[in-house]
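Shown next: data.cif, containing mmCIF, C-alpha atoms and all ligand atoms.
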data_my_file
#
loop_
_atom_site.label_atom_id
_atom_site.label_comp_id
_atom_site.auth_asym_id
_atom_site.auth_seq_id
_atom_site.Cartn_x
_atom_site.Cartn_y
_atom_site.Cartn_z
CA MET A 1 7.02 -103.19 -20.82
CA GLN A 2 7.09 -99.65 -22.15
CA TYR A 3 5.75 -96.95 -19.81
CA TYR A 4 4.50 -93.58 -21.00
CA THR A 5 4.02 -90.43 -18.98
CA VAL A 6 1.30 -87.96 -19.89
CA VAL A 7 0.44 -84.71 -18.16
CA GLY A 8 -2.99 -83.08 -18.22
CA ASP A 9 -4.90 -80.35 -16.41
CA SER A 10 -6.88 -83.02 -14.54
CA TYR A 11 -6.86 -86.80 -14.23
CA GLU A 12 -9.57 -87.10 -16.91
CA ASP A 13 -7.68 -84.78 -19.22
CA ALA A 14 -4.44 -86.77 -18.77
CA VAL A 15 -6.23 -90.08 -19.48
CA ARG A 16 -7.95 -88.60 -22.55
CA LYS A 17 -4.59 -87.39 -23.88
CA ALA A 18 -3.00 -90.76 -23.18
CA ARG A 19 -5.80 -92.53 -25.11
CA GLU A 20 -5.45 -90.10 -28.03
CA GLN A 21 -1.69 -90.67 -28.17
CA TYR A 22 -1.40 -94.38 -27.46
CA GLY A 23 -4.84 -95.83 -28.22
CA ASP A 24 -7.59 -97.45 -26.18
CA GLY A 25 -5.37 -100.33 -25.03
CA ILE A 26 -3.57 -98.20 -22.43
CA ARG A 27 -3.77 -99.01 -18.72
CA ILE A 28 -3.04 -96.50 -15.97
CA HIS A 29 -0.17 -97.52 -13.75
CA SER A 30 -0.11 -94.56 -11.36
CA ARG A 31 -1.12 -90.95 -11.06
CA ARG A 32 0.42 -87.92 -9.37
CA ASP A 33 -1.27 -84.57 -8.74
CA TYR A 34 0.92 -81.49 -8.34
CA THR A 35 0.96 -77.72 -8.77
CA THR A 36 3.26 -75.69 -11.01
CA GLY A 37 4.07 -72.01 -11.14
CA GLY A 38 3.11 -69.63 -8.39
CA GLY A 39 6.64 -68.29 -8.51
CA PHE A 40 8.21 -65.22 -9.99
CA PHE A 41 6.71 -65.44 -13.44
CA SER A 42 3.39 -67.26 -13.39
CA ARG A 43 0.27 -68.24 -11.52
CA LYS A 44 -0.22 -71.59 -9.74
CA LYS A 45 -1.81 -74.39 -11.82
CA THR A 46 -2.84 -77.87 -10.79
CA LYS A 47 -1.67 -80.69 -13.01
CA CYS A 48 -2.12 -84.41 -13.08
CA GLU A 49 0.51 -86.76 -14.40
CA VAL A 50 -0.30 -90.36 -15.26
CA VAL A 51 2.15 -93.15 -15.93
CA CYS A 52 0.55 -95.68 -18.29
CA TYR A 53 1.41 -98.76 -20.32
CA LEU A 54 -0.12 -100.73 -23.15
CA ALA A 55 -2.01 -103.86 -22.13
CA LYS A 56 -0.82 -106.91 -24.05
CA LYS A 57 -2.92 -109.44 -25.87
CA GLU A 58 -2.72 -112.91 -24.35
CA LYS A 59 -0.07 -115.18 -25.70
CA LYS A 60 -0.06 -118.90 -25.61
CA THR A 61 3.67 -119.40 -25.39
CA VAL A 62 6.41 -117.39 -23.73
CA ASN A 63 9.45 -116.89 -25.93
CA GLU A 64 13.00 -115.60 -25.27
CA SER A 65 12.21 -111.95 -25.99
CA ASP A 66 9.25 -112.02 -23.56
CA ILE A 67 11.51 -113.38 -20.86
CA SER A 68 14.07 -110.62 -21.31
CA GLU A 69 11.27 -108.05 -21.39
CA PHE A 70 9.85 -109.42 -18.12
CA ALA A 71 13.33 -109.33 -16.61
CA GLU A 72 13.73 -105.69 -17.64
CA GLU A 73 10.31 -104.85 -16.23
CA ALA A 74 11.16 -106.50 -12.93
CA LYS A 75 14.14 -104.13 -12.60
CA THR A 76 11.87 -101.13 -12.95
CA PRO A 77 10.50 -100.29 -9.52
CA ASP A 78 6.88 -99.35 -9.02
CA PRO A 79 7.04 -95.54 -8.55
CA SER A 80 4.29 -95.55 -5.95
CA THR A 81 6.49 -97.58 -3.60
CA LEU A 82 9.49 -95.21 -3.79
CA SER A 83 10.49 -92.03 -1.96
CA PRO A 84 10.51 -88.84 -4.11
CA GLU A 85 14.34 -88.96 -4.38
CA GLU A 86 14.31 -92.60 -5.46
CA ARG A 87 11.53 -91.94 -7.94
CA LEU A 88 13.66 -89.35 -9.68
CA ASP A 89 16.32 -91.93 -10.14
CA THR A 90 14.19 -94.48 -11.95
CA GLU A 91 14.31 -94.88 -15.70
CA ILE A 92 10.64 -94.01 -16.10
CA PHE A 93 11.07 -90.62 -14.55
CA ARG A 94 14.37 -89.88 -16.19
CA LYS A 95 12.78 -90.26 -19.61
CA LYS A 96 10.59 -87.25 -18.90
CA SER A 97 13.32 -84.69 -18.43
CA ASN A 98 13.90 -82.14 -21.10
CA PRO A 99 17.22 -82.07 -23.06
CA GLU A 100 17.25 -78.26 -23.25
CA ALA A 101 16.76 -78.01 -19.49
CA GLU A 102 19.50 -80.60 -18.92
CA ALA A 103 21.90 -78.64 -21.13
CA MET A 104 21.19 -75.48 -19.12
CA LEU A 105 22.01 -77.31 -15.90
CA ASP A 106 25.23 -78.73 -17.38
CA LYS A 107 26.34 -75.29 -18.52
CA ASN A 108 25.84 -73.96 -15.02
CA HIS A 109 27.47 -76.93 -13.25
CA ILE A 110 24.33 -77.74 -11.28
CA THR A 111 24.59 -81.15 -9.62
CA ASP A 112 22.27 -83.48 -7.72
CA PRO A 113 20.10 -83.26 -5.69
CA LEU A 114 19.32 -79.74 -6.98
CA ARG A 115 19.59 -80.97 -10.57
CA SER A 116 16.98 -83.70 -10.11
CA LYS A 117 14.73 -81.33 -8.24
CA LEU A 118 14.79 -78.81 -11.10
CA LEU A 119 14.12 -81.50 -13.71
CA GLU A 120 11.33 -83.19 -11.76
CA SER A 121 8.19 -83.77 -13.87
CA PHE A 122 9.30 -81.25 -16.46
CA PRO A 123 6.31 -79.82 -18.37
CA GLU A 124 6.01 -80.81 -22.01
CA ASP A 125 5.47 -77.30 -23.26
CA GLY A 126 6.42 -73.76 -22.27
CA ASP A 127 9.56 -71.61 -22.39
CA VAL A 128 12.27 -73.81 -20.86
CA SER A 129 14.38 -70.88 -19.71
CA MET A 130 11.44 -69.26 -17.93
CA ILE A 131 10.32 -72.53 -16.36
CA MET A 132 13.84 -73.24 -15.12
CA SER A 133 14.23 -69.72 -13.73
CA GLU A 134 10.96 -69.99 -11.89
CA ARG A 135 11.89 -73.41 -10.51
CA LEU A 136 15.34 -72.23 -9.45
CA LEU A 137 13.93 -69.25 -7.58
CA SER A 138 11.37 -71.32 -5.74
CA THR A 139 13.95 -74.00 -4.87
CA VAL A 140 17.17 -72.35 -3.72
CA GLY A 141 17.26 -70.54 -0.40
CA ILE A 142 17.86 -66.86 0.22
CA ASP A 143 17.88 -65.70 3.82
CA TYR A 144 15.81 -62.54 3.49
CA ASP A 145 14.99 -62.54 7.18
CA LYS A 146 18.63 -62.41 8.34
CA GLN A 147 19.36 -59.61 5.88
CA VAL A 148 17.08 -57.45 8.02
CA HIS A 149 17.13 -59.16 11.45
CA PRO A 150 20.67 -60.36 12.13
CA LYS A 151 21.76 -61.73 15.49
CA HIS A 152 23.96 -59.87 17.96
CA PHE A 153 27.22 -61.66 17.05
CA VAL A 154 27.96 -62.24 13.38
CA VAL A 155 31.02 -64.43 12.78
CA PHE A 156 32.63 -64.82 9.37
CA VAL A 157 34.30 -68.18 8.82
CA GLY A 158 35.70 -69.76 5.69
CA PRO A 159 38.78 -70.66 3.69
CA THR A 160 41.91 -68.51 3.52
CA GLY A 161 41.60 -65.68 1.05
CA SER A 162 37.89 -66.23 0.38
CA GLY A 163 37.13 -62.62 1.33
CA LYS A 164 36.09 -62.90 4.99
CA THR A 165 37.71 -59.68 6.19
CA THR A 166 36.71 -57.60 3.17
CA THR A 167 33.12 -58.89 3.22
CA LEU A 168 32.79 -58.44 6.98
CA ALA A 169 33.81 -54.78 6.59
CA LYS A 170 31.23 -54.30 3.82
CA VAL A 171 28.44 -55.98 5.82
CA ALA A 172 29.31 -54.13 9.06
CA TYR A 173 29.09 -50.87 7.13
CA LEU A 174 25.70 -51.84 5.64
CA PHE A 175 24.26 -52.37 9.12
CA SER A 176 25.98 -49.30 10.56
CA GLN A 177 24.02 -47.33 7.96
CA SER A 178 20.72 -48.77 9.16
CA ASP A 179 20.74 -47.29 12.66
CA LYS A 180 22.70 -50.10 14.29
CA SER A 181 25.76 -49.41 16.41
CA VAL A 182 28.39 -51.93 15.36
CA GLY A 183 31.85 -53.02 16.48
CA ILE A 184 34.39 -55.40 14.96
CA ILE A 185 36.60 -57.93 16.76
CA THR A 186 39.28 -59.75 14.82
CA LEU A 187 40.52 -63.08 16.11
CA ASP A 188 43.21 -63.21 13.44
CA SER A 189 46.49 -62.57 15.22
CA TYR A 190 48.36 -65.05 13.01
CA ARG A 191 48.52 -63.64 9.52
CA THR A 192 50.96 -60.74 9.24
CA GLY A 193 49.11 -57.52 8.72
CA ALA A 194 45.69 -59.01 9.54
CA PHE A 195 44.92 -56.52 12.30
CA GLU A 196 46.25 -53.61 10.23
CA GLN A 197 43.99 -54.64 7.33
CA MET A 198 40.91 -54.78 9.57
CA SER A 199 41.84 -51.52 11.34
CA ALA A 200 42.28 -49.75 8.01
CA PHE A 201 38.75 -50.76 7.01
CA GLY A 202 37.45 -49.78 10.46
CA ASN A 203 39.06 -46.32 10.23
CA ALA A 204 37.76 -45.72 6.74
CA LEU A 205 34.23 -46.74 7.74
CA SER A 206 34.25 -45.22 11.26
CA ILE A 207 33.72 -48.58 12.95
CA PRO A 208 35.83 -49.45 16.04
CA VAL A 209 38.01 -52.56 15.76
CA LEU A 210 39.48 -54.67 18.59
CA GLN A 211 41.80 -57.65 18.40
CA ALA A 212 41.52 -60.82 20.49
CA GLY A 213 44.20 -63.48 20.27
CA ALA A 214 43.01 -65.66 23.15
CA GLU A 215 39.85 -66.57 25.03
CA ASP A 216 40.27 -64.02 27.85
CA GLU A 217 40.90 -61.25 25.31
CA LEU A 218 37.72 -62.17 23.46
CA ILE A 219 35.70 -61.96 26.66
CA LYS A 220 37.20 -58.52 27.42
CA ALA A 221 36.55 -57.29 23.87
CA THR A 222 32.88 -58.36 23.95
CA GLU A 223 32.53 -56.59 27.33
CA ARG A 224 33.94 -53.40 25.86
CA PHE A 225 31.40 -53.64 23.06
CA SER A 226 28.55 -54.70 25.34
CA TRP A 227 26.49 -51.61 24.47
CA LYS A 228 26.72 -52.29 20.69
CA ASP A 229 23.75 -53.66 18.77
CA MET A 230 25.95 -55.90 16.68
CA ILE A 231 29.45 -57.31 17.01
CA PHE A 232 31.12 -58.64 13.87
CA ILE A 233 33.86 -61.21 14.42
CA ASP A 234 36.55 -61.91 11.84
CA THR A 235 38.43 -65.20 11.90
CA MET A 236 41.59 -66.56 10.30
CA GLY A 237 41.36 -68.93 7.36
CA LEU A 238 41.95 -72.50 8.46
CA SER A 239 43.88 -75.24 6.79
CA PRO A 240 42.59 -78.70 7.79
CA LYS A 241 46.26 -79.60 8.51
CA ASP A 242 46.67 -76.89 11.13
CA LYS A 243 45.09 -78.77 14.03
CA GLU A 244 46.39 -76.47 16.78
CA LEU A 245 45.00 -73.30 15.17
CA ASN A 246 41.78 -75.14 14.50
CA LEU A 247 41.37 -76.03 18.16
CA LYS A 248 42.24 -72.53 19.30
CA LEU A 249 39.68 -70.91 16.99
CA HIS A 250 37.01 -73.42 17.96
CA GLY A 251 37.78 -72.79 21.66
CA MET A 252 37.34 -69.04 21.27
CA LEU A 253 34.17 -69.29 19.17
CA SER A 254 32.62 -71.67 21.69
CA LEU A 255 32.54 -68.78 24.20
CA LEU A 256 29.90 -66.94 22.21
CA ASP A 257 26.26 -67.35 23.19
CA ARG A 258 24.98 -69.64 20.43
CA ASP A 259 21.44 -68.29 20.52
CA ARG A 260 22.76 -64.81 19.81
CA THR A 261 25.29 -65.79 17.13
CA ASP A 262 25.11 -66.23 13.36
CA PHE A 263 27.98 -68.01 11.64
CA ILE A 264 28.35 -66.98 8.01
CA LEU A 265 30.39 -69.22 5.75
CA THR A 266 32.26 -67.13 3.20
CA VAL A 267 32.90 -68.92 -0.08
CA SER A 268 34.32 -67.68 -3.31
CA ALA A 269 31.98 -68.21 -6.29
CA SER A 270 34.75 -69.91 -8.25
CA MET A 271 35.42 -72.61 -5.63
CA LYS A 272 34.68 -76.21 -6.59
CA GLU A 273 31.59 -77.66 -4.94
CA GLU A 274 33.60 -80.44 -3.21
CA ASP A 275 35.97 -77.85 -1.70
CA ILE A 276 33.04 -75.81 -0.39
CA LEU A 277 31.63 -78.99 1.16
CA ASP A 278 34.99 -79.71 2.83
CA GLN A 279 35.11 -76.23 4.31
CA TYR A 280 31.53 -76.52 5.48
CA SER A 281 32.29 -79.76 7.28
CA SER A 282 35.29 -78.24 9.03
CA TYR A 283 32.93 -75.68 10.60
CA SER A 284 30.08 -78.12 11.16
CA GLN A 285 30.35 -77.72 14.93
CA PHE A 286 29.02 -74.19 14.54
CA SER A 287 26.39 -75.01 11.89
CA PRO A 288 26.94 -72.01 9.58
CA SER A 289 23.46 -70.62 9.00
CA SER A 290 24.03 -68.75 5.76
CA LEU A 291 26.47 -68.03 2.96
CA ALA A 292 28.32 -64.94 1.82
CA VAL A 293 29.24 -65.66 -1.79
CA THR A 294 32.25 -63.60 -2.86
CA LYS A 295 34.10 -62.80 -6.09
CA LEU A 296 31.09 -63.11 -8.37
CA ASP A 297 33.02 -60.83 -10.70
CA GLU A 298 35.55 -63.61 -11.25
CA THR A 299 33.26 -66.33 -12.54
CA GLU A 300 30.44 -66.76 -15.04
CA THR A 301 28.10 -68.98 -13.10
CA ILE A 302 27.30 -69.84 -9.51
CA GLY A 303 25.73 -73.26 -10.09
CA ASN A 304 28.37 -74.87 -7.85
CA VAL A 305 27.39 -72.64 -4.92
CA LEU A 306 23.66 -73.16 -5.53
CA SER A 307 24.12 -76.95 -5.67
CA PHE A 308 26.02 -76.84 -2.39
CA SER A 309 23.54 -74.48 -0.75
CA TYR A 310 20.62 -76.76 -1.66
CA LYS A 311 22.47 -79.93 -0.63
CA VAL A 312 23.21 -78.72 2.90
CA SER A 313 20.18 -76.41 3.24
CA VAL A 314 22.21 -73.30 3.97
CA PRO A 315 20.69 -70.24 2.28
CA MET A 316 22.52 -67.33 0.67
CA LEU A 317 22.76 -64.00 2.44
CA PHE A 318 25.17 -61.66 0.62
CA PHE A 319 26.88 -61.49 -2.75
CA THR A 320 30.08 -59.56 -3.40
CA ASP A 321 31.45 -58.71 -6.81
CA GLY A 322 34.61 -56.66 -6.37
CA GLN A 323 37.34 -55.48 -4.04
CA LYS A 324 35.92 -52.04 -3.29
CA VAL A 325 34.94 -51.59 0.35
CA PRO A 326 32.15 -50.84 1.20
CA ASP A 327 30.59 -50.63 -2.30
CA ASP A 328 30.92 -54.04 -3.92
CA ILE A 329 28.25 -55.94 -1.99
CA SER A 330 24.54 -56.72 -2.40
CA LYS A 331 21.98 -58.56 -0.37
CA ALA A 332 21.34 -61.88 -2.10
CA SER A 333 18.19 -61.77 -4.24
CA GLY A 334 16.44 -63.79 -6.92
CA THR A 335 17.21 -61.26 -9.65
CA LEU A 336 20.91 -61.19 -8.84
CA LEU A 337 21.00 -64.94 -8.67
CA LEU A 338 19.53 -65.28 -12.17
CA GLU A 339 21.94 -62.64 -13.46
CA HIS A 340 24.74 -64.99 -12.56
CA MET A 341 23.34 -68.00 -14.36
CA LYS A 342 23.94 -68.77 -18.02
CA GLY A 343 20.79 -69.05 -20.16
CA PHE A 344 18.25 -68.53 -17.37
CA GLY A 345 15.25 -66.17 -17.60
CA LEU A 346 17.27 -63.12 -16.81
CA ASP A 347 20.57 -63.76 -18.57
CA MET A 348 21.58 -60.11 -18.26
CA LYS A 349 24.92 -60.57 -20.00
CA ARG A 350 23.15 -62.09 -23.02
CA PHE A 351 20.49 -59.39 -22.83
CA ARG A 352 23.05 -56.56 -22.69
CA LYS A 353 24.97 -58.10 -25.60
CA GLN A 354 21.80 -58.30 -27.66
CA VAL A 355 20.96 -54.68 -26.86
CA SER A 356 24.45 -53.47 -27.77
CA LEU A 357 24.34 -55.36 -31.10
CA SER A 358 20.94 -54.01 -32.13
N1 LIG B 1 37.58 -59.73 -7.27
C1 LIG B 1 37.18 -59.76 -6.00
N2 LIG B 1 38.09 -59.81 -5.03
C2 LIG B 1 37.66 -59.85 -3.76
C3 LIG B 1 36.28 -59.88 -3.43
N3 LIG B 1 36.18 -59.95 -2.07
C4 LIG B 1 37.44 -59.96 -1.60
N4 LIG B 1 38.34 -59.89 -2.61
C5 LIG B 1 39.80 -59.88 -2.53
O1 LIG B 1 40.25 -61.15 -2.12
C6 LIG B 1 41.46 -61.00 -1.37
C7 LIG B 1 41.34 -61.69 -0.04
O2 LIG B 1 40.34 -61.02 0.72
P1 LIG B 1 40.32 -61.05 2.30
O3 LIG B 1 39.11 -60.32 2.73
O4 LIG B 1 41.62 -60.61 2.87
O5 LIG B 1 40.14 -62.61 2.49
P2 LIG B 1 40.18 -63.41 3.87
O6 LIG B 1 39.25 -64.55 3.71
O7 LIG B 1 39.96 -62.51 5.00
O8 LIG B 1 41.69 -63.93 3.86
P3 LIG B 1 42.48 -64.55 5.12
O9 LIG B 1 42.22 -63.66 6.29
O10 LIG B 1 43.93 -64.53 4.68
O11 LIG B 1 41.97 -65.93 5.31
C8 LIG B 1 41.69 -59.49 -1.24
O12 LIG B 1 42.61 -59.09 -2.24
C9 LIG B 1 40.33 -58.89 -1.51
O13 LIG B 1 40.38 -57.59 -2.03
C10 LIG B 1 35.32 -59.84 -4.49
O14 LIG B 1 34.09 -59.89 -4.31
N5 LIG B 1 35.84 -59.79 -5.76
MG MG B 2 41.08 -62.08 6.73
#
Would you kindly transcribe this structure into structure tokens?
Amino acid sequence: MQYYTVVGDSYEDAVRKAREQYGDGIRIHSRRDYTTGGGFFSRKKTKCEVVCYLAKKEKKTVNESDISEFAEEAKTPDPSTLSPEERLDTEIFRKKSNPEAEAMLDKNHITDPLRSKLLESFPEDGDVSMIMSERLLSTVGIDYDKQVHPKHFVVFVGPTGSGKTTTLAKVAYLFSQSDKSVGIITLDSYRTGAFEQMSAFGNALSIPVLQAGAEDELIKATERFSWKDMIFIDTMGLSPKDKELNLKLHGMLSLLDRDRTDFILTVSASMKEEDILDQYSSYSQFSPSSLAVTKLDETETIGNVLSFSYKVSVPMLFFTDGQKVPDDISKASGTLLLEHMKGFGLDMKRFRKQVSLS
């Protein structure tokens, strides 16, 4: 049986449209009421979506094609019996998505479950780019609260070379400029020059830096900084193979009072989503609460990071887009996020190109 989906401003409106399009023989299979908009670009509207089918005239005999049609119908689950995630996966609901919207998601490497969420019950009319931008902004998480109210200890964890040390220096400086007294402790006593790198940033930004290579040294360092409002802690990049280093770092980080500690996972914007997931799982014990997304200057789109962020429900906190300390950093925001997406409402690169050509 063929199902059709029709959207109207109310149930009556949807049924009237369905009758106009498919005739009086239609039967309503299910209805769903929802709201759209209310985001960045538009006001909230209520909508009603009906799934309908055409009632058949009675037949005296059942032939081969009827049997295969019944078999096909039996494979199609009744949407009202499914969870929202399962519903998105059914043929009926897939048919409704919009090819232009799908192409935008492909271009930006956006994967499930964020992809399905953004395509869910896609409206039949309207500017696709605007609708997608609005949906993206109301779906992905940005930790505005932590940008203003961070915890006492802020620990940067993440893969080697992702920009932990550089980003930590930039963030520590940001807070030092907002009336907070800050100190930095580096736990990286393994990589040659790690302490020198952190100290150089500390000197340039007038922020004191201490090094702690073992648990007792970390306790002493936090005592020395006990009067500070915030203590930033830099860690060494971990390879999953280096079990000993892994244990040592986990041992030291376990000393921190969890209620007073934020763990920020630092990921480069050009990392593959699977690699980000791997890194996230290696720090799962600490439940990183937000993301610092680095090296936005080195990639065109951040769909991989957004897909990951939505999948594990870890919001974005900071974006960095260059090596300059302390300048190349911004608090994550909706506008910046859209700037780093191809074809979305605020495709600034496309906009600038158009302006320079005109
Ligand atoms: N292009 C660009 N480079 C960056 C950015 N952030 C950091 N870098 C560079 O990336 C390199 C690694 O940065 P670090 O801060 O040392 O990275 P890390 O994660 O501390 O590295 P390890 O301590 O070795 O694990 C340096 O050359 C930084 O200047 C950024 O936003 N854009
Ligand atoms: Mg480092």
Neighbouring residues of ligand LIG 1 (chain B) are defined here as those with any atom at most 7 Å from a ligand atom, counting all atoms listed in the file; list them as a PyMOL selection string.
chain A and resi 158-167+191+194+235-237+294-298+320-323+328
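Atom pair CA of His149 in chain A / CA of Glu217 in chain A has a distance of 27.6 Å (rounded to one decimal).
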Which of these, A:Met230, A:Val148, A:Leu218, A:Leu238, has the shortest distance to ligand MG 2 (chain B) once you count all atoms listed in the file?
A:Leu238
Listed atoms of range 173-184 of chain A, axis-aligned box, 4 Å per side: centre and edge lengths to one decimal in Å, as lines of an AutoDock Vina configuration file?
center_x = 27.6
center_y = -51.3
center_z = 11.1
size_x = 21.7
size_y = 16.1
size_z = 18.8
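Here CA of Asn98 in chain A stands at a distance of 6.6 Å from CA of Phe122 in chain A.
Between Lys180 in chain A and the candidates A:Glu124, A:Asp278, A:Asp229, A:Asp327, the tightest atom-to-atom separation, counting only C-alpha atoms, involves A:Asp229.
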Would you compute the distance between CA of Gly303 in chain A and CA of Ser121 in chain A? Give it in Å to one decimal.
20.8 Å
Complete range 267-275 of chain A with all heavy atoms (output as an mmCIF file, in the coordinates of the input).
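Heads up, here's the output in part.cif:
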data_model
loop_
_atom_site.group_PDB
_atom_site.id
_atom_site.type_symbol
_atom_site.label_atom_id
_atom_site.label_comp_id
_atom_site.auth_asym_id
_atom_site.auth_seq_id
_atom_site.Cartn_x
_atom_site.Cartn_y
_atom_site.Cartn_z
ATOM 1 N N VAL A 267 32.319 -68.079 0.972
ATOM 2 C CA VAL A 267 32.900 -68.920 -0.080
ATOM 3 C C VAL A 267 33.034 -68.121 -1.354
ATOM 4 O O VAL A 267 32.179 -67.302 -1.682
ATOM 5 C CB VAL A 267 32.042 -70.186 -0.361
ATOM 6 C CG1 VAL A 267 32.026 -71.110 0.825
ATOM 7 C CG2 VAL A 267 30.621 -69.834 -0.782
ATOM 8 N N SER A 268 34.138 -68.375 -2.045
ATOM 9 C CA SER A 268 34.320 -67.680 -3.310
ATOM 10 C C SER A 268 33.501 -68.405 -4.382
ATOM 11 O O SER A 268 33.425 -69.637 -4.402
ATOM 12 C CB SER A 268 35.815 -67.692 -3.651
ATOM 13 O OG SER A 268 35.983 -67.738 -5.028
ATOM 14 N N ALA A 269 32.871 -67.629 -5.276
ATOM 15 C CA ALA A 269 31.980 -68.210 -6.290
ATOM 16 C C ALA A 269 32.723 -69.166 -7.219
ATOM 17 O O ALA A 269 32.107 -70.021 -7.848
ATOM 18 C CB ALA A 269 31.323 -67.103 -7.095
ATOM 19 N N SER A 270 34.047 -69.028 -7.310
ATOM 20 C CA SER A 270 34.750 -69.910 -8.250
ATOM 21 C C SER A 270 35.280 -71.194 -7.578
ATOM 22 O O SER A 270 35.936 -71.998 -8.220
ATOM 23 C CB SER A 270 35.883 -69.159 -8.948
ATOM 24 O OG SER A 270 36.615 -68.462 -8.005
ATOM 25 N N MET A 271 34.974 -71.372 -6.305
ATOM 26 C CA MET A 271 35.420 -72.610 -5.630
ATOM 27 C C MET A 271 34.675 -73.826 -6.169
ATOM 28 O O MET A 271 33.498 -73.732 -6.511
ATOM 29 C CB MET A 271 35.137 -72.532 -4.129
ATOM 30 C CG MET A 271 36.220 -71.898 -3.314
ATOM 31 S SD MET A 271 35.644 -71.678 -1.619
ATOM 32 C CE MET A 271 35.974 -73.286 -0.923
ATOM 33 N N LYS A 272 35.359 -74.978 -6.170
ATOM 34 C CA LYS A 272 34.680 -76.210 -6.590
ATOM 35 C C LYS A 272 33.700 -76.638 -5.481
ATOM 36 O O LYS A 272 33.963 -76.422 -4.295
ATOM 37 C CB LYS A 272 35.706 -77.336 -6.789
ATOM 38 C CG LYS A 272 36.459 -77.180 -8.089
ATOM 39 C CD LYS A 272 37.188 -78.440 -8.424
ATOM 40 C CE LYS A 272 38.354 -78.605 -7.519
ATOM 41 N NZ LYS A 272 39.336 -79.483 -7.580
ATOM 42 N N GLU A 273 32.618 -77.283 -5.905
ATOM 43 C CA GLU A 273 31.590 -77.660 -4.940
ATOM 44 C C GLU A 273 32.158 -78.573 -3.837
ATOM 45 O O GLU A 273 31.843 -78.406 -2.659
ATOM 46 C CB GLU A 273 30.433 -78.360 -5.662
ATOM 47 C CG GLU A 273 29.221 -78.494 -4.774
ATOM 48 C CD GLU A 273 28.185 -79.442 -5.354
ATOM 49 O OE1 GLU A 273 28.101 -79.597 -6.589
ATOM 50 O OE2 GLU A 273 27.459 -80.060 -4.553
ATOM 51 N N GLU A 274 33.049 -79.514 -4.219
ATOM 52 C CA GLU A 274 33.600 -80.440 -3.210
ATOM 53 C C GLU A 274 34.419 -79.662 -2.170
ATOM 54 O O GLU A 274 34.394 -79.979 -0.979
ATOM 55 C CB GLU A 274 34.540 -81.484 -3.820
ATOM 56 C CG GLU A 274 33.942 -82.328 -4.917
ATOM 57 C CD GLU A 274 34.080 -81.667 -6.273
ATOM 58 O OE1 GLU A 274 35.190 -81.670 -6.817
ATOM 59 O OE2 GLU A 274 33.079 -81.136 -6.781
ATOM 60 N N ASP A 275 35.155 -78.631 -2.636
ATOM 61 C CA ASP A 275 35.970 -77.850 -1.700
ATOM 62 C C ASP A 275 35.078 -77.050 -0.741
ATOM 63 O O ASP A 275 35.402 -76.890 0.431
ATOM 64 C CB ASP A 275 36.915 -76.921 -2.457
ATOM 65 C CG ASP A 275 37.919 -77.708 -3.281
ATOM 66 O OD1 ASP A 275 38.118 -78.899 -2.962
ATOM 67 O OD2 ASP A 275 38.473 -77.167 -4.240
#
